[in-house]
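Have a look at coords.cif below; it lists mmCIF, C-alpha atoms and all ligand atoms.
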```
data_my_file
#
loop_
_atom_site.label_atom_id
_atom_site.label_comp_id
_atom_site.auth_asym_id
_atom_site.auth_seq_id
_atom_site.Cartn_x
_atom_site.Cartn_y
_atom_site.Cartn_z
CA MET A 14 106.91 129.30 92.47
CA THR A 15 109.61 128.87 89.85
CA HIS A 16 110.20 125.36 91.13
CA LEU A 17 106.48 124.61 91.01
CA ALA A 18 106.29 125.87 87.41
CA SER A 19 109.33 123.82 86.44
CA LEU A 20 107.92 120.69 88.09
CA HIS A 21 104.60 121.25 86.37
CA ALA A 22 106.31 121.52 82.97
CA HIS A 23 108.01 118.18 83.64
CA LEU A 24 104.76 116.48 84.70
CA GLN A 25 102.93 117.99 81.73
CA LYS A 26 105.51 116.55 79.36
CA GLU A 27 105.57 113.10 80.97
CA LEU A 28 101.83 112.65 81.55
CA LYS A 29 100.59 114.60 78.52
CA LEU A 30 97.87 116.30 80.56
CA LYS A 31 94.89 117.60 78.61
CA GLU A 32 94.27 120.46 80.99
CA LYS A 33 96.28 122.27 83.61
CA PRO A 34 94.80 121.77 87.09
CA LYS A 35 94.01 124.81 89.21
CA VAL A 36 96.29 125.14 92.22
CA PHE A 37 95.31 126.59 95.56
CA LEU A 38 98.11 127.31 98.01
CA ALA A 39 96.47 127.13 101.41
CA SER A 40 97.73 128.50 104.69
CA ASP A 41 96.26 126.60 107.63
CA GLN A 42 97.93 126.99 110.99
CA LYS A 43 95.44 124.71 112.80
CA ASN A 44 96.16 121.91 110.34
CA ALA A 45 99.92 122.52 110.47
CA VAL A 46 100.21 121.64 114.17
CA LYS A 47 98.52 118.27 113.69
CA VAL A 48 101.04 115.46 113.19
CA LEU A 49 98.66 113.70 110.80
CA GLY A 50 97.12 116.85 109.37
CA GLY A 51 96.28 117.06 105.68
CA THR A 52 99.03 117.78 103.19
CA ALA A 53 97.17 118.11 99.89
CA HIS A 54 94.19 116.87 97.96
CA TYR A 55 92.69 116.87 94.50
CA GLU A 56 89.08 117.79 93.84
CA PRO A 57 87.95 116.30 90.49
CA GLU A 58 84.77 118.40 90.28
CA THR A 59 86.73 121.64 90.07
CA LYS A 60 90.03 120.11 88.89
CA THR A 61 91.74 121.85 91.79
CA ILE A 62 94.80 120.80 93.71
CA ARG A 63 94.90 122.22 97.22
CA LEU A 64 98.35 122.33 98.74
CA ASN A 65 98.75 123.03 102.43
CA THR A 66 101.91 125.10 102.75
CA THR A 67 102.19 126.20 106.38
CA ASP A 68 105.33 124.95 108.14
CA ARG A 69 106.24 122.47 105.43
CA HIS A 70 109.54 122.07 103.64
CA PRO A 71 109.22 123.37 100.04
CA LYS A 72 110.39 120.03 98.65
CA ASP A 73 107.68 118.22 100.59
CA ILE A 74 105.07 120.57 99.10
CA LEU A 75 106.43 119.91 95.61
CA ARG A 76 106.32 116.15 96.16
CA SER A 77 102.68 116.50 97.23
CA TYR A 78 101.99 118.44 94.05
CA SER A 79 103.43 115.63 91.94
CA HIS A 80 101.19 113.09 93.73
CA GLU A 81 98.06 115.18 93.23
CA VAL A 82 98.84 115.80 89.55
CA VAL A 83 98.76 112.02 89.08
CA HIS A 84 95.22 112.05 90.55
CA HIS A 85 94.35 114.82 88.07
CA TRP A 86 95.75 112.66 85.26
CA GLN A 87 93.73 109.66 86.54
CA HIS A 88 90.63 111.85 86.49
CA GLU A 89 91.34 112.94 82.92
CA HIS A 90 91.40 109.25 82.01
CA LYS A 91 88.15 108.68 83.92
CA GLN A 92 89.79 106.42 86.46
CA ILE A 93 88.55 108.36 89.45
CA GLN A 94 85.20 110.00 89.96
CA GLY A 95 83.73 111.73 92.93
CA LYS A 96 86.94 111.63 94.93
CA GLY A 97 87.57 114.71 96.98
CA LYS A 98 84.24 115.77 98.39
CA GLY A 99 83.82 112.79 100.63
CA GLU A 100 80.62 111.38 99.13
CA ASP A 101 82.28 108.29 97.68
CA THR A 102 85.30 108.24 99.91
CA GLY A 103 85.33 107.61 103.63
CA PRO A 104 88.38 108.19 105.79
CA GLN A 105 89.83 104.78 104.86
CA TYR A 106 89.03 104.67 101.16
CA ALA A 107 92.66 103.77 100.41
CA GLN A 108 92.26 100.59 102.48
CA LYS A 109 88.60 99.67 101.92
CA ASP A 110 87.99 100.43 98.26
CA PRO A 111 90.18 98.09 96.16
CA TRP A 112 89.99 100.30 93.07
CA MET A 113 90.85 103.47 94.96
CA ARG A 114 93.69 101.58 96.64
CA GLN A 115 95.13 100.88 93.19
CA MET A 116 94.70 104.56 92.26
CA GLU A 117 96.51 105.57 95.44
CA LYS A 118 99.35 103.13 94.82
CA GLN A 119 99.76 104.49 91.30
CA ALA A 120 99.79 108.08 92.57
CA TYR A 121 102.52 107.27 95.11
CA LEU A 122 104.66 105.29 92.68
CA LEU A 123 104.30 107.53 89.65
CA GLY A 124 104.13 110.80 91.59
CA ASN A 125 107.32 110.05 93.50
CA ILE A 126 109.40 108.73 90.62
CA LEU A 127 108.35 111.60 88.34
CA PHE A 128 109.28 113.99 91.14
CA ARG A 129 112.65 112.29 91.59
CA ASP A 130 113.40 112.49 87.86
CA TRP A 131 112.50 116.19 87.82
CA GLU A 132 114.61 116.87 90.92
CA ASP A 133 117.70 115.15 89.54
CA SER A 134 117.46 116.82 86.14
CA LYS A 135 116.80 120.23 87.73
CA LYS A 136 119.85 119.88 89.96
CA ALA A 137 121.99 118.84 87.00
CA ASP A 138 120.68 121.79 84.94
CA ASP A 139 121.25 124.26 87.77
CA LYS A 140 124.79 122.97 88.21
CA LYS A 141 125.47 123.28 84.49
CA THR A 142 124.14 126.82 84.31
CA GLY A 143 125.75 127.79 87.62
CA LYS A 144 122.43 128.90 89.02
CA LYS A 145 122.50 129.57 92.72
CA VAL A 146 119.73 127.86 94.59
CA ASN A 147 118.27 130.29 97.07
CA GLU A 148 116.71 127.66 99.33
CA LYS A 149 119.43 128.14 101.92
CA THR A 150 118.78 131.84 102.20
CA MET A 151 115.28 131.31 103.63
CA LYS A 152 115.19 132.35 107.25
CA ILE A 153 113.75 130.05 109.87
CA GLY A 154 110.22 131.12 110.63
CA THR A 155 109.51 132.66 107.24
CA GLU A 156 106.46 131.46 105.42
CA TYR A 157 106.75 129.67 102.13
CA PRO A 158 105.42 130.83 99.82
CA PRO A 159 105.40 134.49 100.90
CA ARG A 160 101.97 135.75 101.92
CA ASN A 161 101.50 137.87 98.79
CA LEU A 162 101.81 134.79 96.57
CA LYS A 163 98.85 133.00 98.11
CA GLY A 164 95.66 132.49 96.20
CA VAL A 165 94.41 130.58 93.24
CA TYR A 166 96.76 130.02 90.33
CA LYS A 167 95.89 128.73 86.93
ZN ZN A 201 96.47 110.26 96.81
#
```

Encoding of this model in structure tokens:
Amino acid sequence: MTHLASLHAHLQKELKLKEKPKVFLASDQKNAVKVLGGTAHYEPETKTIRLNTTDRHPKDILRSYSHEVVHHWQHEHKQIQGKGKGEDTGPQYAQKDPWMRQMEKQAYLLGNILFRDWEDSKKADDKKTGKKVNEKTMKIGTEYPPRNLKGVYK
């Protein structure tokens, strides 16, 4: 959660978001066993980012968050409407809808480079302050985030 908050602060600063999106950390075992299962999505109607967390590396979850925040930013600038509930977007909207393809490209490019910038600066800061990163202390088989942290965050 501290990493998510730190990443959000970075994205907020870079994208100058008007509003903070709601975040839902979802646990979905059925989805987790599917090779091409869902990772995350953004619902413009409720301004909610849903992150699937089960059996994923924390860094992968954070990278997903960065991608979805770009969709939130696109929505704030009225570049996407109706995406998320499936009424305007079929399973191949990223291939068939030229505008949505551009939106997707932007989310990958911007989401990933903003994530990379945050990661590098966080590592440099942690090194400077001598902060121990506790990622290595997580036991195999433990859930991330812990069960009591699940729910809707604002
Ligand atoms: Zn996307």

- request: Identify which of the residues A:Thr142, A:Gln42, A:Ser77, A:Asn65 lies closest to ligand ZN 201 (chain A), counting all atoms listed in the file when measuring atom-to-atom distances.
  value: A:Ser77

For chain A against ligand ZN 201 (chain A), with a cut-off of 12 Å and counting all atoms listed in the file, what is the closest atom pair and its distance in Å to one decimal for every residue that makes the cut, ordered by chain and number, as a tab-separated table?
```
residue	atom	partner	partner_atom	distance
A:Gly51	CA	A:ZN201	ZN	11.2
A:Thr52	CA	A:ZN201	ZN	10.2
A:Ala53	CA	A:ZN201	ZN	8.5
A:His54	CA	A:ZN201	ZN	7.1
A:Tyr55	CA	A:ZN201	ZN	8.0
A:Glu56	CA	A:ZN201	ZN	11.0
A:Ile62	CA	A:ZN201	ZN	11.1
A:Arg76	CA	A:ZN201	ZN	11.5
A:Ser77	CA	A:ZN201	ZN	8.8
A:Tyr78	CA	A:ZN201	ZN	10.2
A:Ser79	CA	A:ZN201	ZN	10.0
A:His80	CA	A:ZN201	ZN	6.3
A:Glu81	CA	A:ZN201	ZN	6.3
A:Val82	CA	A:ZN201	ZN	9.4
A:Val83	CA	A:ZN201	ZN	8.3
A:His84	CA	A:ZN201	ZN	6.6
A:His85	CA	A:ZN201	ZN	10.1
A:Trp86	CA	A:ZN201	ZN	11.8
A:Gln87	CA	A:ZN201	ZN	10.6
A:His88	CA	A:ZN201	ZN	12.0
A:Ile93	CA	A:ZN201	ZN	11.0
A:Lys96	CA	A:ZN201	ZN	9.8
A:Gly97	CA	A:ZN201	ZN	10.0
A:Thr102	CA	A:ZN201	ZN	11.8
A:Gln105	CA	A:ZN201	ZN	11.8
A:Tyr106	CA	A:ZN201	ZN	10.3
A:Ala107	CA	A:ZN201	ZN	8.3
A:Gln108	CA	A:ZN201	ZN	12.0
A:Met113	CA	A:ZN201	ZN	9.0
A:Arg114	CA	A:ZN201	ZN	9.1
A:Gln115	CA	A:ZN201	ZN	10.1
A:Met116	CA	A:ZN201	ZN	7.5
A:Glu117	CA	A:ZN201	ZN	4.9
A:Lys118	CA	A:ZN201	ZN	7.9
A:Gln119	CA	A:ZN201	ZN	8.6
A:Ala120	CA	A:ZN201	ZN	5.8
A:Tyr121	CA	A:ZN201	ZN	7.0
A:Leu122	CA	A:ZN201	ZN	10.4
A:Leu123	CA	A:ZN201	ZN	11.0
A:Gly124	CA	A:ZN201	ZN	9.3
A:Asn125	CA	A:ZN201	ZN	11.3
```

Just write the chosen residues, C-alpha atoms, as a compact mmCIF listing (two decimals), keeping the file's coordinate frame.
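This is the output file part26.txt:
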```
# COMPACT_ATOMS: atom_id res chain seq x y z
CA GLY A 51 96.28 117.06 105.68
CA THR A 52 99.03 117.78 103.19
CA ALA A 53 97.17 118.11 99.89
CA HIS A 54 94.19 116.87 97.96
CA TYR A 55 92.69 116.87 94.50
CA GLU A 56 89.08 117.79 93.84
CA ILE A 62 94.80 120.80 93.71
CA ARG A 76 106.32 116.15 96.16
CA SER A 77 102.68 116.50 97.23
CA TYR A 78 101.99 118.44 94.05
CA SER A 79 103.43 115.63 91.94
CA HIS A 80 101.19 113.09 93.73
CA GLU A 81 98.06 115.18 93.23
CA VAL A 82 98.84 115.80 89.55
CA VAL A 83 98.76 112.02 89.08
CA HIS A 84 95.22 112.05 90.55
CA HIS A 85 94.35 114.82 88.07
CA TRP A 86 95.75 112.66 85.26
CA GLN A 87 93.73 109.66 86.54
CA HIS A 88 90.63 111.85 86.49
CA ILE A 93 88.55 108.36 89.45
CA LYS A 96 86.94 111.63 94.93
CA GLY A 97 87.57 114.71 96.98
CA THR A 102 85.30 108.24 99.91
CA GLN A 105 89.83 104.78 104.86
CA TYR A 106 89.03 104.67 101.16
CA ALA A 107 92.66 103.77 100.41
CA GLN A 108 92.26 100.59 102.48
CA MET A 113 90.85 103.47 94.96
CA ARG A 114 93.69 101.58 96.64
CA GLN A 115 95.13 100.88 93.19
CA MET A 116 94.70 104.56 92.26
CA GLU A 117 96.51 105.57 95.44
CA LYS A 118 99.35 103.13 94.82
CA GLN A 119 99.76 104.49 91.30
CA ALA A 120 99.79 108.08 92.57
CA TYR A 121 102.52 107.27 95.11
CA LEU A 122 104.66 105.29 92.68
CA LEU A 123 104.30 107.53 89.65
CA GLY A 124 104.13 110.80 91.59
CA ASN A 125 107.32 110.05 93.50
```

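For Ser19 of chain A, the non-local neighbours within 10 Å, defined as residues at least 4 positions apart in the same chain or in other chains and counting all atoms listed in the file, are Met14, Thr15, His23, Leu24, Gln25, Trp131, Glu132 and Lys135 of chain A.
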
- request: Compare A:Gly143, A:Pro57, A:Gly50, A:Pro111 by their minimum atom-to-atom distance to Gln94 of chain A, counting all atoms listed in the file, and give me the closest one.
  value: A:Pro57

- prompt: Hey, can you check how far atom CA of Lys109 of chain A sits from atom CA of Leu49 of chain A?
  reply: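 Computing the Euclidean distance for atom CA of Lys109 of chain A and atom CA of Leu49 of chain A yields 19.4 Å.
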
Using the file's own x, y and z axes, so that the box edges lie along x, y and z, what centre and edge lengths in Å (one decimal) does a box around every listed atom of segment 111-124 of chain A get when 5 Å is added on each side? Give it as JSON.
```
{"center_x": 97.3, "center_y": 104.4, "center_z": 93.1, "size_x": 24.7, "size_y": 22.7, "size_z": 17.0}
```

- line: The residue from A:Arg63, A:Asp68, A:Lys31, A:Asp138 with the smallest atom-to-atom distance to Lys47 of chain A, counting all atoms listed in the file, is A:Asp68

Atomic distance atom CA of Gln92 of chain A - atom CA of Ala39 of chain A, expressed in Å with one decimal: 26.4 Å

query: So how many Å separate atom CA of Lys136 of chain A and atom CA of Leu20 of chain A, to one decimal?
result: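 So the two atoms, atom CA of Lys136 of chain A and atom CA of Leu20 of chain A, lie 12.1 Å apart.
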
Subset file as a PDB file, in the first residue's frame: segment 40-52 of chain A, N, CA and C atoms:
```pdb
ATOM      1  N   SER A  40      -9.759  -9.797  -5.228  1.00  0.00           N
ATOM      2  CA  SER A  40      -9.178 -11.135  -5.104  1.00  0.00           C
ATOM      3  C   SER A  40     -10.050 -12.079  -5.913  1.00  0.00           C
ATOM      4  N   ASP A  41      -9.480 -12.714  -6.919  1.00  0.00           N
ATOM      5  CA  ASP A  41     -10.271 -13.571  -7.798  1.00  0.00           C
ATOM      6  C   ASP A  41      -9.449 -14.791  -8.203  1.00  0.00           C
ATOM      7  N   GLN A  42      -9.631 -15.848  -7.457  1.00  0.00           N
ATOM      8  CA  GLN A  42      -8.860 -17.072  -7.683  1.00  0.00           C
ATOM      9  C   GLN A  42      -9.164 -17.693  -9.048  1.00  0.00           C
ATOM     10  N   LYS A  43     -10.431 -17.655  -9.459  1.00  0.00           N
ATOM     11  CA  LYS A  43     -10.814 -18.248 -10.758  1.00  0.00           C
ATOM     12  C   LYS A  43     -10.115 -17.531 -11.906  1.00  0.00           C
ATOM     13  N   ASN A  44     -10.046 -16.198 -11.787  1.00  0.00           N
ATOM     14  CA  ASN A  44      -9.379 -15.408 -12.809  1.00  0.00           C
ATOM     15  C   ASN A  44      -7.865 -15.646 -12.787  1.00  0.00           C
ATOM     16  N   ALA A  45      -7.325 -15.808 -11.586  1.00  0.00           N
ATOM     17  CA  ALA A  45      -5.870 -15.934 -11.414  1.00  0.00           C
ATOM     18  C   ALA A  45      -5.284 -17.156 -12.120  1.00  0.00           C
ATOM     19  N   VAL A  46      -6.060 -18.218 -12.259  1.00  0.00           N
ATOM     20  CA  VAL A  46      -5.521 -19.432 -12.891  1.00  0.00           C
ATOM     21  C   VAL A  46      -5.596 -19.384 -14.417  1.00  0.00           C
ATOM     22  N   LYS A  47      -6.289 -18.369 -14.940  1.00  0.00           N
ATOM     23  CA  LYS A  47      -6.358 -18.244 -16.401  1.00  0.00           C
ATOM     24  C   LYS A  47      -5.128 -17.499 -16.913  1.00  0.00           C
ATOM     25  N   VAL A  48      -4.445 -18.094 -17.889  1.00  0.00           N
ATOM     26  CA  VAL A  48      -3.235 -17.462 -18.433  1.00  0.00           C
ATOM     27  C   VAL A  48      -3.557 -16.063 -18.964  1.00  0.00           C
ATOM     28  N   LEU A  49      -4.677 -15.924 -19.649  1.00  0.00           N
ATOM     29  CA  LEU A  49      -5.059 -14.625 -20.200  1.00  0.00           C
ATOM     30  C   LEU A  49      -6.216 -13.996 -19.409  1.00  0.00           C
ATOM     31  N   GLY A  50      -6.214 -14.247 -18.136  1.00  0.00           N
ATOM     32  CA  GLY A  50      -7.232 -13.651 -17.257  1.00  0.00           C
ATOM     33  C   GLY A  50      -7.036 -12.141 -17.166  1.00  0.00           C
ATOM     34  N   GLY A  51      -8.054 -11.451 -16.652  1.00  0.00           N
ATOM     35  CA  GLY A  51      -7.965  -9.996 -16.548  1.00  0.00           C
ATOM     36  C   GLY A  51      -6.959  -9.558 -15.493  1.00  0.00           C
ATOM     37  N   THR A  52      -6.319  -8.425 -15.749  1.00  0.00           N
ATOM     38  CA  THR A  52      -5.362  -7.891 -14.781  1.00  0.00           C
ATOM     39  C   THR A  52      -5.924  -6.662 -14.065  1.00  0.00           C
TER      40      THR A  52
END
```
